[in-house]
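Written out below as structure tokens is the structure these notes cover.
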Amino acid sequence: MAKFLLFLAVVAAIYLLVRASNRRGNPPGKAGPDPGTEEMARCALCQVHFPRSESRRQDGKDFCCDEHRRLGAGD
Ligand SMILES: [Zn+2]
């Protein structure tokens, strides 16, 4: 019976160590690129921020929509 309790204690210790090291290795919110925090761009006309994937680029500037791209290019 004592051996069984010792075995349980060892398993519990290993479990706690693994859980602690996993938590240290992967802090929440800092585990590589997160699809929820995409790189942002800023509209050169209205200065609003939006996902870079939705950017309308022209002359090295980002625009939030086609209308602002047209207006911005007219300057
Ligand atoms: Zn805009």
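Numbering starts fresh at 1 for the residues of each chain in the structure tokens, the chains themselves are lettered A, B, ... in the order given, and ligands are numbered from 1 as they appear.
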Check every protein, DNA and RNA residue against ligand 1, keep those with an atom at most 12 Å away (counting only C-alpha atoms and all ligand atoms), and present them as a list in words. Ala41, Arg42, Cys43, Ala44, Leu45, Cys46, Gln47, Val48, His49, Phe50, Glu54, Ser55, Arg56, Arg57, Lys61, Asp62, Phe63, Cys64, Cys65, Asp66, Glu67, His68, Arg69, Arg70, Leu71 and Gly72 of chain A
Can you spit out the residues from that selection as a PDB file, in the first residue's frame, using C-alpha atoms?
```pdb
ATOM      1  CA  ALA A  41      -3.042  49.525 -41.553  1.00  0.00           C
ATOM      2  CA  ARG A  42      -4.175  53.139 -41.374  1.00  0.00           C
ATOM      3  CA  CYS A  43      -6.198  54.919 -44.014  1.00  0.00           C
ATOM      4  CA  ALA A  44      -4.152  57.785 -45.466  1.00  0.00           C
ATOM      5  CA  LEU A  45      -7.329  59.838 -45.860  1.00  0.00           C
ATOM      6  CA  CYS A  46      -9.510  59.339 -42.767  1.00  0.00           C
ATOM      7  CA  GLN A  47      -6.791  57.836 -40.475  1.00  0.00           C
ATOM      8  CA  VAL A  48      -9.042  54.945 -39.449  1.00  0.00           C
ATOM      9  CA  HIS A  49      -7.317  51.669 -38.567  1.00  0.00           C
ATOM     10  CA  PHE A  50      -8.346  48.440 -40.280  1.00  0.00           C
ATOM     11  CA  GLU A  54      -8.607  44.809 -46.352  1.00  0.00           C
ATOM     12  CA  SER A  55      -6.271  47.591 -47.445  1.00  0.00           C
ATOM     13  CA  ARG A  56      -6.576  49.295 -50.831  1.00  0.00           C
ATOM     14  CA  ARG A  57      -3.017  50.283 -51.577  1.00  0.00           C
ATOM     15  CA  LYS A  61      -0.429  54.445 -49.078  1.00  0.00           C
ATOM     16  CA  ASP A  62      -3.192  52.400 -47.450  1.00  0.00           C
ATOM     17  CA  PHE A  63      -6.841  53.291 -47.826  1.00  0.00           C
ATOM     18  CA  CYS A  64      -9.858  51.853 -46.030  1.00  0.00           C
ATOM     19  CA  CYS A  65     -12.148  51.769 -49.071  1.00  0.00           C
ATOM     20  CA  ASP A  66     -12.150  52.356 -52.805  1.00  0.00           C
ATOM     21  CA  GLU A  67     -13.730  55.803 -52.398  1.00  0.00           C
ATOM     22  CA  HIS A  68     -10.952  57.002 -50.094  1.00  0.00           C
ATOM     23  CA  ARG A  69      -8.348  55.529 -52.422  1.00  0.00           C
ATOM     24  CA  ARG A  70      -9.852  57.539 -55.277  1.00  0.00           C
ATOM     25  CA  LEU A  71     -10.052  60.727 -53.150  1.00  0.00           C
ATOM     26  CA  GLY A  72      -6.551  60.189 -51.742  1.00  0.00           C
TER      27      GLY A  72
END
```
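Running DSSP on the backbone gives strand (DSSP E or B) for these residues within chain A: A:Met40, A:Ala41, A:Arg42, A:His49, A:Phe50, A:Pro51, A:Arg56, A:Arg57, A:Gln58, A:Lys61, A:Asp62, A:Phe63.
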Could you give me the residues within chain A that DSSP places in helix (DSSP H, G or I), as a PyMOL selection string? chain A and resi 2-25+52-54+66-74
